[in-house]
Each structure stands twice: as C-alpha cells, then as structure tokens.
$ cat my_file.tsv   # TSV, C-alpha atoms and all ligand atoms
chain	number	residue	atom	x	y	z
A	17	MET	CA	100.98	94.23	84.25
A	18	VAL	CA	104.23	95.96	83.29
A	19	ASN	CA	106.87	95.60	85.96
A	20	LYS	CA	107.81	98.99	87.40
A	21	GLN	CA	111.42	99.94	86.91
A	22	TYR	CA	113.08	101.49	89.95
A	23	ASN	CA	115.89	103.97	89.45
A	24	ILE	CA	118.19	104.01	92.44
A	25	THR	CA	120.96	106.54	92.86
A	26	VAL	CA	123.83	105.38	95.01
A	27	PHE	CA	126.17	107.83	96.70
A	28	PRO	CA	128.84	105.93	98.66
A	29	GLY	CA	130.28	109.28	99.87
A	30	ASP	CA	133.40	109.50	102.01
A	31	GLY	CA	135.32	107.53	104.64
A	32	ILE	CA	133.79	104.12	105.31
A	33	GLY	CA	130.99	104.98	102.83
A	34	THR	CA	132.48	103.05	99.93
A	35	GLU	CA	133.19	99.95	102.03
A	36	ILE	CA	129.74	99.66	103.61
A	37	MET	CA	127.92	100.53	100.39
A	38	LYS	CA	129.63	97.73	98.50
A	39	GLU	CA	128.11	95.18	100.91
A	40	ALA	CA	124.67	96.83	100.93
A	41	LEU	CA	124.49	96.83	97.13
A	42	LYS	CA	125.14	93.10	97.00
A	43	ILE	CA	122.07	92.67	99.23
A	44	LEU	CA	119.91	94.91	97.04
A	45	ARG	CA	121.04	93.17	93.86
A	46	LEU	CA	120.36	89.73	95.31
A	47	VAL	CA	116.78	90.63	96.29
A	48	ALA	CA	116.14	92.28	92.92
A	49	ASP	CA	117.54	89.29	91.09
A	50	ARG	CA	115.63	86.66	93.06
A	51	ARG	CA	112.33	88.53	93.07
A	52	LYS	CA	112.63	89.86	89.51
A	53	ILE	CA	112.50	93.48	90.59
A	54	ASP	CA	113.61	95.72	87.75
A	55	ILE	CA	116.23	98.09	89.17
A	56	VAL	CA	118.68	100.48	87.55
A	57	ILE	CA	121.52	101.60	89.79
A	58	ASN	CA	123.47	104.77	89.04
A	59	GLU	CA	126.44	105.74	91.18
A	60	GLY	CA	127.44	109.32	91.82
A	61	TYR	CA	129.70	111.52	93.91
A	62	ILE	CA	128.65	113.48	96.95
A	63	GLY	CA	130.35	115.15	99.90
A	64	GLY	CA	134.13	115.45	100.14
A	65	SER	CA	134.80	113.07	97.26
A	66	ALA	CA	132.57	115.24	95.05
A	67	TYR	CA	134.38	118.37	96.20
A	68	ASP	CA	137.74	116.84	95.28
A	69	ARG	CA	136.52	116.03	91.77
A	70	PHE	CA	134.13	118.83	90.96
A	71	GLY	CA	134.84	121.58	93.50
A	72	GLU	CA	131.46	121.32	95.24
A	73	PRO	CA	129.86	118.80	97.61
A	74	LEU	CA	126.63	118.42	95.61
A	75	PRO	CA	127.51	118.88	91.93
A	76	ARG	CA	124.74	119.43	89.39
A	77	GLN	CA	125.15	115.97	87.84
A	78	SER	CA	124.74	114.29	91.24
A	79	LEU	CA	121.66	116.33	92.06
A	80	ASP	CA	120.17	115.53	88.64
A	81	LEU	CA	120.79	111.83	89.20
A	82	ALA	CA	119.00	112.03	92.55
A	83	LEU	CA	116.09	114.03	91.12
A	84	GLN	CA	115.58	111.50	88.33
A	85	SER	CA	115.54	108.51	90.66
A	86	ASP	CA	112.92	106.89	92.86
A	87	ALA	CA	115.31	106.63	95.77
A	88	VAL	CA	118.79	107.54	96.89
A	89	LEU	CA	120.96	105.19	98.92
A	90	LEU	CA	123.70	107.06	100.71
A	91	GLY	CA	126.76	105.94	102.67
A	92	ALA	CA	128.10	108.87	104.66
A	93	VAL	CA	129.97	112.10	104.05
A	94	GLY	CA	132.66	114.11	105.79
A	95	GLY	CA	136.24	114.00	106.89
A	96	GLN	CA	138.91	116.10	108.53
A	97	GLN	CA	140.52	117.17	105.25
A	98	TRP	CA	137.38	119.14	104.31
A	99	GLU	CA	136.68	120.69	107.70
A	100	SER	CA	138.48	123.95	106.96
A	101	LEU	CA	136.45	124.61	103.80
A	102	GLU	CA	133.97	127.47	103.84
A	103	TYR	CA	130.55	126.44	105.16
A	104	ASN	CA	128.85	126.04	101.76
A	105	LEU	CA	131.55	123.74	100.40
A	106	ARG	CA	131.64	121.34	103.35
A	107	PRO	CA	130.57	117.75	102.65
A	108	GLU	CA	127.64	117.90	105.11
A	109	ARG	CA	126.05	120.73	103.08
A	110	ALA	CA	125.31	118.17	100.38
A	111	LEU	CA	122.93	116.34	102.70
A	112	LEU	CA	120.94	119.47	103.48
A	113	GLY	CA	120.83	120.33	99.77
A	114	LEU	CA	119.60	116.86	98.85
A	115	ARG	CA	116.91	116.82	101.53
A	116	GLU	CA	115.66	120.20	100.41
A	117	LYS	CA	115.74	119.53	96.65
A	118	LEU	CA	114.08	116.12	97.01
A	119	GLY	CA	111.36	117.63	99.24
A	120	LEU	CA	111.94	115.10	102.02
A	121	TYR	CA	109.70	116.00	104.93
A	122	VAL	CA	109.49	112.75	106.92
A	123	ASN	CA	112.42	111.19	108.72
A	124	LEU	CA	112.07	107.60	109.91
A	125	ARG	CA	114.40	106.16	112.49
A	126	PRO	CA	113.61	102.60	113.48
A	127	VAL	CA	115.21	101.71	116.79
A	128	VAL	CA	115.40	97.98	117.30
A	129	VAL	CA	117.42	96.22	119.93
A	130	PHE	CA	118.50	92.81	118.73
A	131	GLU	CA	118.32	90.17	121.44
A	132	GLU	CA	121.91	89.21	120.62
A	133	LEU	CA	123.15	92.76	121.30
A	134	LEU	CA	121.33	93.50	124.56
A	135	ASP	CA	124.62	94.03	126.35
A	136	ALA	CA	125.73	96.77	123.96
A	137	SER	CA	123.14	99.11	125.48
A	138	PRO	CA	124.22	101.41	128.29
A	139	LEU	CA	120.93	100.51	130.00
A	140	LYS	CA	120.09	97.27	131.80
A	141	ARG	CA	119.13	94.26	129.69
A	142	GLU	CA	115.66	94.04	131.18
A	143	ILE	CA	114.93	97.66	130.24
A	144	VAL	CA	115.99	97.43	126.59
A	145	ARG	CA	114.79	93.91	125.83
A	146	GLY	CA	112.15	93.92	123.09
A	147	ILE	CA	112.58	97.54	121.99
A	148	ASP	CA	111.07	98.09	118.55
A	149	ILE	CA	110.30	101.78	118.09
A	150	MET	CA	109.73	103.82	114.97
A	151	ILE	CA	110.51	107.49	115.46
A	152	ILE	CA	108.97	109.76	112.85
A	153	ARG	CA	110.41	113.26	112.77
A	154	GLU	CA	109.04	116.15	110.72
A	155	LEU	CA	111.94	117.49	108.64
A	156	THR	CA	111.09	120.76	106.95
A	157	GLY	CA	109.25	122.96	109.44
A	158	ASP	CA	109.66	124.24	112.99
A	159	VAL	CA	112.25	126.52	114.51
A	160	TYR	CA	114.99	125.34	112.09
A	161	PHE	CA	113.35	127.04	109.12
A	162	GLY	CA	110.89	129.52	110.64
A	163	GLN	CA	111.15	133.20	109.73
A	164	PRO	CA	111.97	135.70	111.07
A	165	ARG	CA	115.25	134.61	112.55
A	166	GLY	CA	118.45	136.43	113.25
A	167	VAL	CA	120.56	138.48	115.62
A	168	THR	CA	119.96	142.16	116.33
A	169	LYS	CA	121.57	144.74	118.59
A	170	ASP	CA	119.74	147.16	120.84
A	171	LYS	CA	120.74	150.80	121.22
A	172	ASN	CA	123.29	149.88	123.87
A	173	GLY	CA	124.95	147.35	121.55
A	174	LYS	CA	123.57	144.35	123.45
A	175	ARG	CA	122.79	141.45	121.12
A	176	LYS	CA	119.50	139.62	120.87
A	177	ALA	CA	119.09	136.37	118.92
A	178	PHE	CA	115.78	134.87	117.91
A	179	ASN	CA	114.16	132.05	115.94
A	180	THR	CA	110.56	131.39	115.06
A	181	MET	CA	108.80	128.14	115.86
A	182	VAL	CA	106.17	127.78	113.17
A	183	TYR	CA	104.02	125.01	111.74
A	184	THR	CA	101.31	125.24	109.10
A	185	GLU	CA	98.23	123.07	109.06
A	186	GLU	CA	99.40	121.48	105.82
A	187	GLU	CA	102.85	120.57	107.19
A	188	ILE	CA	101.30	118.90	110.21
A	189	SER	CA	98.57	117.02	108.39
A	190	ARG	CA	100.87	115.50	105.74
A	191	ILE	CA	103.23	114.04	108.33
A	192	ALA	CA	100.34	112.93	110.53
A	193	VAL	CA	98.86	110.98	107.61
A	194	ARG	CA	102.24	109.29	107.02
A	195	ALA	CA	102.52	108.47	110.72
A	196	PHE	CA	99.07	106.88	110.91
A	197	GLU	CA	99.73	104.87	107.74
A	198	ILE	CA	102.99	103.56	109.21
A	199	ALA	CA	101.40	102.82	112.61
A	200	ARG	CA	98.65	100.91	110.83
A	201	LYS	CA	101.26	98.54	109.38
A	202	ARG	CA	102.87	97.97	112.78
A	203	ARG	CA	101.31	97.42	116.21
A	204	LYS	CA	98.75	100.23	115.66
A	205	ASN	CA	99.85	102.52	118.49
A	206	LEU	CA	100.78	106.09	117.63
A	207	LEU	CA	102.19	108.52	120.16
A	208	SER	CA	102.34	112.18	119.17
A	209	VAL	CA	104.94	114.13	121.13
A	210	ASP	CA	104.75	117.89	121.59
A	211	LYS	CA	104.87	120.71	124.09
A	212	ALA	CA	101.29	121.85	123.52
A	213	ASN	CA	100.96	123.13	127.09
A	214	VAL	CA	103.27	126.10	126.41
A	215	LEU	CA	103.68	126.48	122.62
A	216	GLU	CA	100.92	127.60	120.24
A	217	SER	CA	102.57	125.91	117.25
A	218	ASN	CA	102.46	122.66	119.21
A	219	GLU	CA	98.86	123.22	120.25
A	220	LEU	CA	98.03	123.30	116.54
A	221	TRP	CA	100.18	120.18	116.05
A	222	ARG	CA	98.18	118.32	118.69
A	223	SER	CA	94.79	119.35	117.40
A	224	ILE	CA	95.57	118.48	113.76
A	225	VAL	CA	97.09	115.11	114.65
A	226	SER	CA	93.90	114.37	116.62
A	227	GLU	CA	91.70	115.47	113.69
A	228	ILE	CA	93.57	113.22	111.24
A	229	GLY	CA	93.31	110.44	113.80
A	230	ARG	CA	89.53	110.32	113.31
A	231	ASN	CA	90.20	108.78	109.89
A	232	TYR	CA	92.22	106.00	111.53
A	233	PRO	CA	89.93	104.46	114.16
A	234	ASP	CA	92.02	101.27	114.08
A	235	VAL	CA	95.12	103.13	115.35
A	236	ALA	CA	95.26	104.04	119.06
A	237	LEU	CA	96.46	107.64	119.30
A	238	LYS	CA	97.99	109.12	122.45
A	239	HIS	CA	99.75	112.39	123.16
A	240	MET	CA	102.71	113.02	125.42
A	241	TYR	CA	104.73	116.08	126.35
A	242	VAL	CA	108.30	115.95	125.13
A	243	ASP	CA	109.90	116.24	128.58
A	244	ASN	CA	107.94	113.22	129.77
A	245	CYS	CA	108.80	111.32	126.58
A	246	ALA	CA	112.53	111.98	127.11
A	247	MET	CA	112.19	110.40	130.57
A	248	GLN	CA	110.02	107.49	129.44
A	249	LEU	CA	112.52	106.55	126.73
A	250	ILE	CA	114.99	105.77	129.48
A	251	ARG	CA	112.55	104.49	132.10
A	252	ASN	CA	110.50	102.12	129.95
A	253	PRO	CA	111.37	102.30	126.24
A	254	ALA	CA	109.64	99.03	125.37
A	255	GLN	CA	106.25	100.76	125.86
A	256	PHE	CA	106.64	102.65	122.55
A	257	ASP	CA	105.55	101.61	119.07
A	258	VAL	CA	105.40	104.62	116.70
A	259	ILE	CA	106.33	108.12	117.86
A	260	VAL	CA	105.61	111.13	115.65
A	261	THR	CA	107.04	114.49	116.57
A	262	THR	CA	108.19	117.91	115.43
A	263	ASN	CA	111.53	118.69	113.82
A	264	LEU	CA	113.28	120.05	116.93
A	265	PHE	CA	111.99	117.44	119.36
A	266	GLY	CA	112.53	114.66	116.81
A	267	ASP	CA	116.15	115.69	116.37
A	268	ILE	CA	116.79	115.23	120.07
A	269	LEU	CA	114.56	112.24	120.83
A	270	SER	CA	115.83	110.21	117.86
A	271	ASP	CA	119.42	110.52	119.05
A	272	GLU	CA	118.39	109.67	122.59
A	273	ALA	CA	116.55	106.59	121.31
A	274	ALA	CA	119.52	105.58	119.13
A	275	MET	CA	121.68	105.37	122.23
A	276	LEU	CA	119.31	102.79	123.73
A	277	THR	CA	120.81	100.28	121.32
A	278	GLY	CA	124.39	101.31	122.08
A	279	SER	CA	125.48	100.39	118.57
A	280	ILE	CA	125.62	103.21	116.05
A	281	GLY	CA	126.73	100.82	113.31
A	282	MET	CA	123.35	99.06	113.39
A	283	LEU	CA	120.88	101.90	112.83
A	284	PRO	CA	119.34	102.77	109.46
A	285	SER	CA	117.15	105.72	108.51
A	286	ALA	CA	114.81	106.85	105.78
A	287	SER	CA	113.77	110.31	104.69
A	288	LEU	CA	110.63	110.41	102.59
A	289	GLY	CA	109.00	113.03	100.40
A	290	GLN	CA	105.96	112.80	98.14
A	291	ASP	CA	107.53	110.42	95.64
A	292	LYS	CA	111.23	110.58	96.52
A	293	ALA	CA	113.21	109.01	99.30
A	294	LEU	CA	116.67	108.84	100.76
A	295	TYR	CA	118.01	105.93	102.77
A	296	GLU	CA	121.17	106.09	104.86
A	297	PRO	CA	122.75	104.75	108.03
A	298	ILE	CA	122.56	107.20	110.93
A	299	HIS	CA	126.31	107.11	111.54
A	300	GLY	CA	128.87	109.33	109.83
A	301	SER	CA	131.87	108.54	107.64
A	302	ALA	CA	133.97	107.25	110.58
A	303	PRO	CA	137.32	108.50	109.20
A	304	ASP	CA	139.10	106.89	112.16
A	305	ILE	CA	138.40	103.42	110.78
A	306	ALA	CA	138.06	104.11	107.03
A	307	GLY	CA	139.87	101.83	104.59
A	308	LYS	CA	140.58	99.16	107.20
A	309	ASN	CA	137.76	96.74	106.37
A	310	ILE	CA	136.46	96.90	109.95
A	311	ALA	CA	133.36	99.13	109.65
A	312	ASN	CA	129.99	97.58	110.40
A	313	PRO	CA	127.95	97.41	107.16
A	314	LEU	CA	124.69	96.38	108.89
A	315	ALA	CA	123.17	99.88	109.26
A	316	THR	CA	123.51	100.34	105.50
A	317	ILE	CA	122.18	96.85	104.82
A	318	LEU	CA	119.21	97.64	107.09
A	319	SER	CA	118.74	100.87	105.09
A	320	VAL	CA	118.27	98.64	102.04
A	321	ALA	CA	115.48	96.89	103.97
A	322	LEU	CA	113.80	100.28	104.45
A	323	LEU	CA	114.18	101.01	100.75
A	324	LEU	CA	112.46	97.72	99.94
A	325	ARG	CA	109.67	98.50	102.41
A	326	TYR	CA	108.97	102.14	101.65
A	327	THR	CA	110.02	102.75	98.02
A	328	MET	CA	109.38	99.34	96.51
A	329	ALA	CA	106.44	98.29	98.72
A	330	ARG	CA	108.12	94.94	99.35
A	331	PRO	CA	107.51	94.39	103.08
A	332	GLN	CA	108.18	90.67	102.95
A	333	GLU	CA	111.59	91.10	101.37
A	334	ALA	CA	112.36	93.90	103.82
A	335	ASP	CA	111.51	91.53	106.67
A	336	LEU	CA	113.82	88.90	105.19
A	337	VAL	CA	116.77	91.29	105.04
A	338	GLU	CA	116.17	92.16	108.71
A	339	LYS	CA	115.86	88.48	109.54
A	340	ALA	CA	119.14	87.71	107.76
A	341	VAL	CA	120.88	90.35	109.90
A	342	SER	CA	119.35	88.94	113.05
A	343	GLU	CA	120.40	85.39	112.16
A	344	VAL	CA	123.96	86.42	111.36
A	345	LEU	CA	124.13	87.97	114.83
A	346	GLN	CA	122.65	84.81	116.31
A	347	ASP	CA	125.42	82.85	114.60
A	348	GLY	CA	127.87	84.97	116.56
A	349	TYR	CA	129.37	87.14	113.81
A	350	ARG	CA	130.43	90.58	115.06
A	351	THR	CA	132.29	93.52	113.63
A	352	GLN	CA	134.64	95.26	116.02
A	353	ASP	CA	132.12	97.91	117.18
A	354	ILE	CA	129.70	95.28	118.53
A	355	PHE	CA	132.23	92.62	119.47
A	356	GLN	CA	131.94	90.70	122.75
A	357	GLU	CA	134.19	88.02	124.16
A	358	GLY	CA	133.39	84.58	122.78
A	359	LYS	CA	131.95	85.85	119.48
A	360	LYS	CA	133.45	85.65	115.98
A	361	LEU	CA	135.23	88.88	115.04
A	362	VAL	CA	134.84	89.65	111.33
A	363	GLY	CA	135.53	92.57	109.01
A	364	THR	CA	133.19	94.57	106.77
A	365	GLU	CA	133.42	92.22	103.80
A	366	GLU	CA	132.95	89.05	105.82
A	367	MET	CA	129.94	90.50	107.65
A	368	GLY	CA	128.45	91.42	104.28
A	369	LYS	CA	129.20	87.97	102.91
A	370	GLN	CA	127.59	86.17	105.86
A	371	THR	CA	124.47	88.33	105.60
A	372	LEU	CA	124.26	87.70	101.86
A	373	LYS	CA	124.55	83.96	102.42
A	374	LYS	CA	121.75	83.99	105.01
A	375	LEU	CA	119.54	86.10	102.81
A	376	ALA	CA	120.12	83.84	99.82
A	377	GLY	CA	118.80	80.96	101.93
A	378	LEU	CA	115.80	82.95	103.17
A	379	LEU	CA	114.82	84.05	99.67
A	380	ASN	CA	114.57	80.47	98.44
B	401	LIG	P1	130.74	108.96	113.10
B	401	LIG	O1	129.36	108.44	113.17
B	401	LIG	O2	131.38	108.95	111.76
B	401	LIG	O3	131.68	108.13	114.10
B	401	LIG	C1	131.48	108.10	115.50
B	401	LIG	C2	132.18	106.86	116.08
B	401	LIG	O4	131.43	105.69	115.72
B	401	LIG	C3	133.58	106.64	115.52
B	401	LIG	O5	134.39	106.12	116.53
B	401	LIG	C4	133.41	105.63	114.44
B	401	LIG	O6	134.53	104.82	114.20
B	401	LIG	C5	132.24	104.80	114.96
B	401	LIG	N1	131.41	104.29	113.85
B	401	LIG	C6	130.53	105.01	113.08
B	401	LIG	N2	129.98	104.22	112.16
B	401	LIG	C7	130.51	102.99	112.33
B	401	LIG	C8	130.32	101.75	111.68
B	401	LIG	N3	129.50	101.60	110.64
B	401	LIG	N4	131.03	100.69	112.11
B	401	LIG	C9	131.86	100.80	113.16
B	401	LIG	N5	132.07	101.94	113.83
B	401	LIG	C10	131.40	103.03	113.42
B	401	LIG	O7	130.71	110.43	113.70
B	401	LIG	P2	131.88	111.52	113.80
B	401	LIG	O8	133.18	110.84	114.08
B	401	LIG	O9	131.37	112.54	114.71
B	401	LIG	O10	131.95	112.17	112.35
B	401	LIG	C11	132.86	111.80	111.33
B	401	LIG	C12	132.49	112.53	110.06
B	401	LIG	O11	131.21	112.11	109.61
B	401	LIG	C13	132.41	114.04	110.25
B	401	LIG	O12	132.95	114.65	109.11
B	401	LIG	C14	130.92	114.30	110.36
B	401	LIG	O13	130.55	115.58	109.94
B	401	LIG	C15	130.39	113.25	109.41
B	401	LIG	N6	128.98	112.84	109.65
B	401	LIG	C16	128.26	112.53	108.56
B	401	LIG	C17	126.97	112.05	108.70
B	401	LIG	C18	126.23	111.65	107.46
B	401	LIG	O14	126.85	111.48	106.43
B	401	LIG	N7	124.93	111.46	107.54
B	401	LIG	C19	126.42	111.89	109.99
B	401	LIG	C20	127.21	112.19	111.10
B	401	LIG	C21	128.50	112.66	110.93

$ encode --input "my_file.tsv" --output "structure tokens" --more "lines below"
Ligand code: NAD
Amino acid sequence: MVNKQYNITVFPGDGIGTEIMKEALKILRLVADRRKIDIVINEGYIGGSAYDRFGEPLPRQSLDLALQSDAVLLGAVGGQQWESLEYNLRPERALLGLREKLGLYVNLRPVVVFEELLDASPLKREIVRGIDIMIIRELTGDVYFGQPRGVTKDKNGKRKAFNTMVYTEEEISRIAVRAFEIARKRRKNLLSVDKANVLESNELWRSIVSEIGRNYPDVALKHMYVDNCAMQLIRNPAQFDVIVTTNLFGDILSDEAAMLTGSIGMLPSASLGQDKALYEPIHGSAPDIAGKNIANPLATILSVALLLRYTMARPQEADLVEKAVSEVLQDGYRTQDIFQEGKKLVGTEEMGKQTLKKLAGLLN
C-alpha cells in the first residue's frame, strides 16, 4: 500500500503564535519521523503579520496553501497595532475567511481537566475532577448566517434589528453523523442540546438528530434544553461525554465549558469540513506576553494530537501526545499561567522540550 502523503499548512500568526508553534511542530515532526508518516509542511502568513507583508490578513498565496493541504495548523492572530484597521483588514477576518473557504462546518472543543491542574478551576475540585467532555458545535448555519438580517426604520424613525435562525435538514444531518461517529469512539453517550420547546429550527434539529440516531443503536442519545445544559455544566460537568449543539448555543456553551478548566493555555480545538480541517488553540495571540518565552505551548501541542486523531486517523499517537502532556504536568513542570507554589516554573521552550522528551520515550 502506498503511504499517504499529508500536506500540512502551518500559520504561526501573530503574538505568541510563532513561539508556541515552534514547539508544536517539533512534536508533529517527531511523531511523523518515528511512525514513518509522510508529511509535507508549508509555512505561510496570516493575520497581522500577513497584513504587514502583503496588505491583507488572508493573502491569496496563504489561502491557496490552505486549500491545497489536508490540514491547517494555526497559532493565533491579532494585536493592538492592527485594531484600528478597517473591519475587512483586521487579523481576525482571516479566520472567518479560512473557515468559510475550507468549508469547515464542525467545531470540536475537547474540555479535559488534568488531575494535576484541578486547582486551576474556579469550581471546587470535587466538581471538576474527571471532566472529559467533547463539545461539537455546528459552524456554518443558525442565526449567524441566516437571511434575512438587518436593521430597518419604521415611519417614525424607530429602528428595528432582526436576524433569522435557520437550519436545513442537510446541515443538521451532516453534523449529527459526525457527532455520532465521534461519540462511538468515546464513551458512547451523545447529548444533543437545543431549545426545541420554543424554536422551530431547533425542533427540526431535535427530530433529525433523533432520526440519524437510529443508525447508531450503540450510542445512547439524549436531548437537553440549552438553559438546563448551561446549569448542568456548572452543577455536575463530569456527567457529560459528547455534546452536539447549534452554532449560537455552541458558541456560548463551549466558552462556559472552557472556563471549567481555568487554564486557557491548555485547550485545543479542531474545525472540520468534508476533507479539510483546521487545528488551533482556543486562546488568542496574547500580545501581553509575546516574545518573552513564557507562553504555554500545550494547547497548540494538544491541537497536534487532534490533527493526528482526525486528519491522520492515528488515535494511538494522538493518545500518546496527550499522555506526554499529562506526564509532564505530573512531573511538576508549569508555565506561568498554570503555575502553583512548589512546582517547577518553566518557559515556552522548556515546556516544549520536556513534552518532546516524554513523547520520545512513549513512542519507543
Ligand atoms: P488571549 O487569549 O490572547 O489572552 C487572554 C489572556 O490569557 C491574556 O492574559 C494572555 O496572556 C493569556 N493567555 C492566552 N494564551 C496563553 C498561553 N498560551 N499561555 C499563557 N497565557 C495565555 O485573548 P485577548 O487578550 O482577548 O486577545 C488578544 C488578541 O488575540 C486580540 O487581538 C484578539 O482579537 C486575538 N484573538 C485571536 C484568537 C485566534 O487567533 N483564534 C482568539 C481570541 C482572540
């Protein structure tokens, strides 16, 4: 069998992006080398650094690179020096452009609380212990894209603003299939979150998710209203396995769930399309700490684990990367953002180096 070649586009981006990406790439290269995975890595510019060079945040050559690749690995974009630019030239516009052009309709946010970091959570240890949730958010439909939308004025000059919450059968079924497939590879519990009691678009969501569920008798499907889910995430988050939800509710619930861990520098994400994908940490470019070798590279390293799992179908290697991170934490290494008294404070490079060393051992 001919070994598939994977083309990976890397966009370090702005701020801490270059520092964290350097460490993450060492991890990817080590796995590829040890497991004889054929990868080609192309680096490009995106965000503010692309604007400075090419006058736009997502230049044609960067978009072409992304379109020709199997996956994109992204650091972060943004910074104060670009905040006064007109809306379409701002670094963050590049992300929206990429998501749209790559047809990414599924957003995955794993939320895992490492035993070693229980105290970083704003909630009590006993509430967050054992959290391992996968939040799956639909990315292209719902009120964010629905037409008509706009602002009108009535005859007295009073303004009215409106948006349309809309979902098609096709949009719901394709994400439902992805959600069941992912749940099947985990603990086989899928919770679909909606507001079907008051919204027709969500009533359709619920009925289609249930229909698709008949093809997955091995996965236990439940439904929950979003208001209850928001409460349950705080009351008893360890009850959740996989949550699938609409664009609007997913936007809110995924940030709520991220806070359960209390450590933004630890959380990766994946956005998947039909045959394209984008992997990135959930945090931004952290301009306040850029260039100081203190940023936490683990969210980007954990994004590499997702890339291995979802683009390269290498679940065992993905597990090993996650295990290496966990063991480095067990050994007491901490970047400043997750530091506690009595632990070993290290910088970005050292954290990357320790993780690489662990992984090298695990891959033997
Ligand atoms: P941020 O996530 O960059 O930073 C928030 C806080 O968390 C800061 O104090 C920062 O130092 C800290 N932090 C973030 N990542 C860290 C890491 N890996 N290690 C240690 N500490 C970390 O959010 P912000 O400050 O609101 O935004 C800064 C810039 O990033 C803005 O221009 C914003 O638009 C952009 N942004 C980009 C993305 C993205 O690229 N996907 C996401 C969010 C924000």

$ atom_distance --input "my_file.tsv" --atom1 "atom CA of Tyr183 of chain A" --atom2 "atom CA of Met240 of chain A"
18.2 Å

$ residues_near_point --input "my_file.tsv" --point "(129.9, 85.4, 101.7)" --cutoff "12 Å" --atoms "only C-alpha atoms" --output "ChimeraX atom specification"
/A:39,42-43,344,362-377

$ closest_residue --input "my_file.tsv" --among "A:Asp49, A:Glu187, A:Glu154, A:Glu108" --to "ligand LIG 401 (chain B)" --atoms "all atoms listed in the file"
A:Glu108

$ residues_near_ligand --input "my_file.tsv" --ligand "ligand LIG 401 (chain B)" --cutoff "9 Å" --atoms "all atoms listed in the file" --output "VMD selection string"
chain A and resid 29 to 33 36 63 90 to 99 106 to 108 111 279 to 283 296 to 306 310 to 316 351 to 354 364

$ residues_around --input "my_file.tsv" --residues "segment 320-335 of chain A" --least-positions-apart "4" --cutoff "8 Å" --atoms "all atoms listed in the file" --output "list in words"
Tyr22, Ala40, Ile43, Leu44, Val47, Asp86, Ala87, Leu89, Pro284, Ser285, Ala286, Ala293, Tyr295, Thr316, Lys339 and Leu379 of chain A

$ write_last_selection --input "my_file.tsv" --atoms "C-alpha atoms" --output "PDB file, in the frame of the given file"
ATOM      1  CA  TYR A  22     113.080 101.490  89.950  1.00  0.00           C
ATOM      2  CA  ALA A  40     124.670  96.830 100.930  1.00  0.00           C
ATOM      3  CA  ILE A  43     122.070  92.670  99.230  1.00  0.00           C
ATOM      4  CA  LEU A  44     119.910  94.910  97.040  1.00  0.00           C
ATOM      5  CA  VAL A  47     116.780  90.630  96.290  1.00  0.00           C
ATOM      6  CA  ASP A  86     112.920 106.890  92.860  1.00  0.00           C
ATOM      7  CA  ALA A  87     115.310 106.630  95.770  1.00  0.00           C
ATOM      8  CA  LEU A  89     120.960 105.190  98.920  1.00  0.00           C
ATOM      9  CA  PRO A 284     119.340 102.770 109.460  1.00  0.00           C
ATOM     10  CA  SER A 285     117.150 105.720 108.510  1.00  0.00           C
ATOM     11  CA  ALA A 286     114.810 106.850 105.780  1.00  0.00           C
ATOM     12  CA  ALA A 293     113.210 109.010  99.300  1.00  0.00           C
ATOM     13  CA  TYR A 295     118.010 105.930 102.770  1.00  0.00           C
ATOM     14  CA  THR A 316     123.510 100.340 105.500  1.00  0.00           C
ATOM     15  CA  LYS A 339     115.860  88.480 109.540  1.00  0.00           C
ATOM     16  CA  LEU A 379     114.820  84.050  99.670  1.00  0.00           C
TER      17      LEU A 379
END

$ atom_distance --input "my_file.tsv" --atom1 "atom CA of Val209 of chain A" --atom2 "atom CA of Gly278 of chain A"
23.3 Å

$ residues_around --input "my_file.tsv" --residues "Glu197 of chain A" --least-positions-apart "6" --cutoff "12 Å" --atoms "all atoms listed in the file" --output "ChimeraX atom specification"
/A:152,190-191,203-206,228-229,231-235,258,260,326

$ closest_residue --input "my_file.tsv" --among "A:Val88, A:Leu46, A:Ile55, A:Leu318" --to "Lys292 of chain A" --atoms "all atoms listed in the file"
A:Val88

$ atom_distance --input "my_file.tsv" --atom1 "atom CA of Gly166 of chain A" --atom2 "atom CA of Gly113 of chain A"
21.1 Å

$ closest_residue --input "my_file.tsv" --among "A:Glu102, A:Ser270, A:Asn244, A:Phe130" --to "Glu343 of chain A" --atoms "all atoms listed in the file"
A:Phe130

$ decode --input "my_file.tsv" --residues "segment 236-276 of chain A" --atoms "C-alpha atoms" --output "compact mmCIF listing (two decimals), in the first residue's frame"
# COMPACT_ATOMS: atom_id res chain seq x y z
CA ALA A 236 -27.04 6.44 23.84
CA LEU A 237 -28.69 9.65 22.63
CA LYS A 238 -30.29 12.16 24.98
CA HIS A 239 -31.64 15.66 24.46
CA MET A 240 -31.41 18.64 26.78
CA TYR A 241 -32.58 22.23 26.61
CA VAL A 242 -29.76 24.73 26.44
CA ASP A 243 -30.71 26.60 29.62
CA ASN A 244 -30.59 23.38 31.60
CA CYS A 245 -27.29 22.42 29.96
CA ALA A 246 -25.75 25.77 30.96
CA MET A 247 -26.70 24.99 34.57
CA GLN A 248 -25.61 21.35 34.47
CA LEU A 249 -22.16 22.32 33.16
CA ILE A 250 -21.58 24.10 36.44
CA ARG A 251 -23.55 21.78 38.72
CA ASN A 252 -22.21 18.43 37.52
CA PRO A 253 -19.94 18.71 34.47
CA ALA A 254 -18.49 15.22 34.86
CA GLN A 255 -21.84 13.75 33.69
CA PHE A 256 -21.13 14.79 30.07
CA ASP A 257 -19.39 12.83 27.34
CA VAL A 258 -20.16 14.28 23.88
CA ILE A 259 -22.38 17.34 23.44
CA VAL A 260 -23.58 18.36 19.98
CA THR A 261 -25.29 21.69 19.53
CA THR A 262 -26.18 24.56 17.22
CA ASN A 263 -23.86 27.40 16.24
CA LEU A 264 -25.23 30.01 18.67
CA PHE A 265 -25.59 27.72 21.67
CA GLY A 266 -22.25 26.05 20.92
CA ASP A 267 -20.51 29.41 20.89
CA ILE A 268 -21.70 30.12 24.40
CA LEU A 269 -21.54 26.64 25.94
CA SER A 270 -18.02 25.95 24.64
CA ASP A 271 -16.67 29.07 26.34
CA GLU A 272 -18.53 28.22 29.53
CA ALA A 273 -17.06 24.71 29.45
CA ALA A 274 -13.56 26.06 28.73
CA MET A 275 -13.70 28.01 31.97
CA LEU A 276 -14.25 24.78 33.92
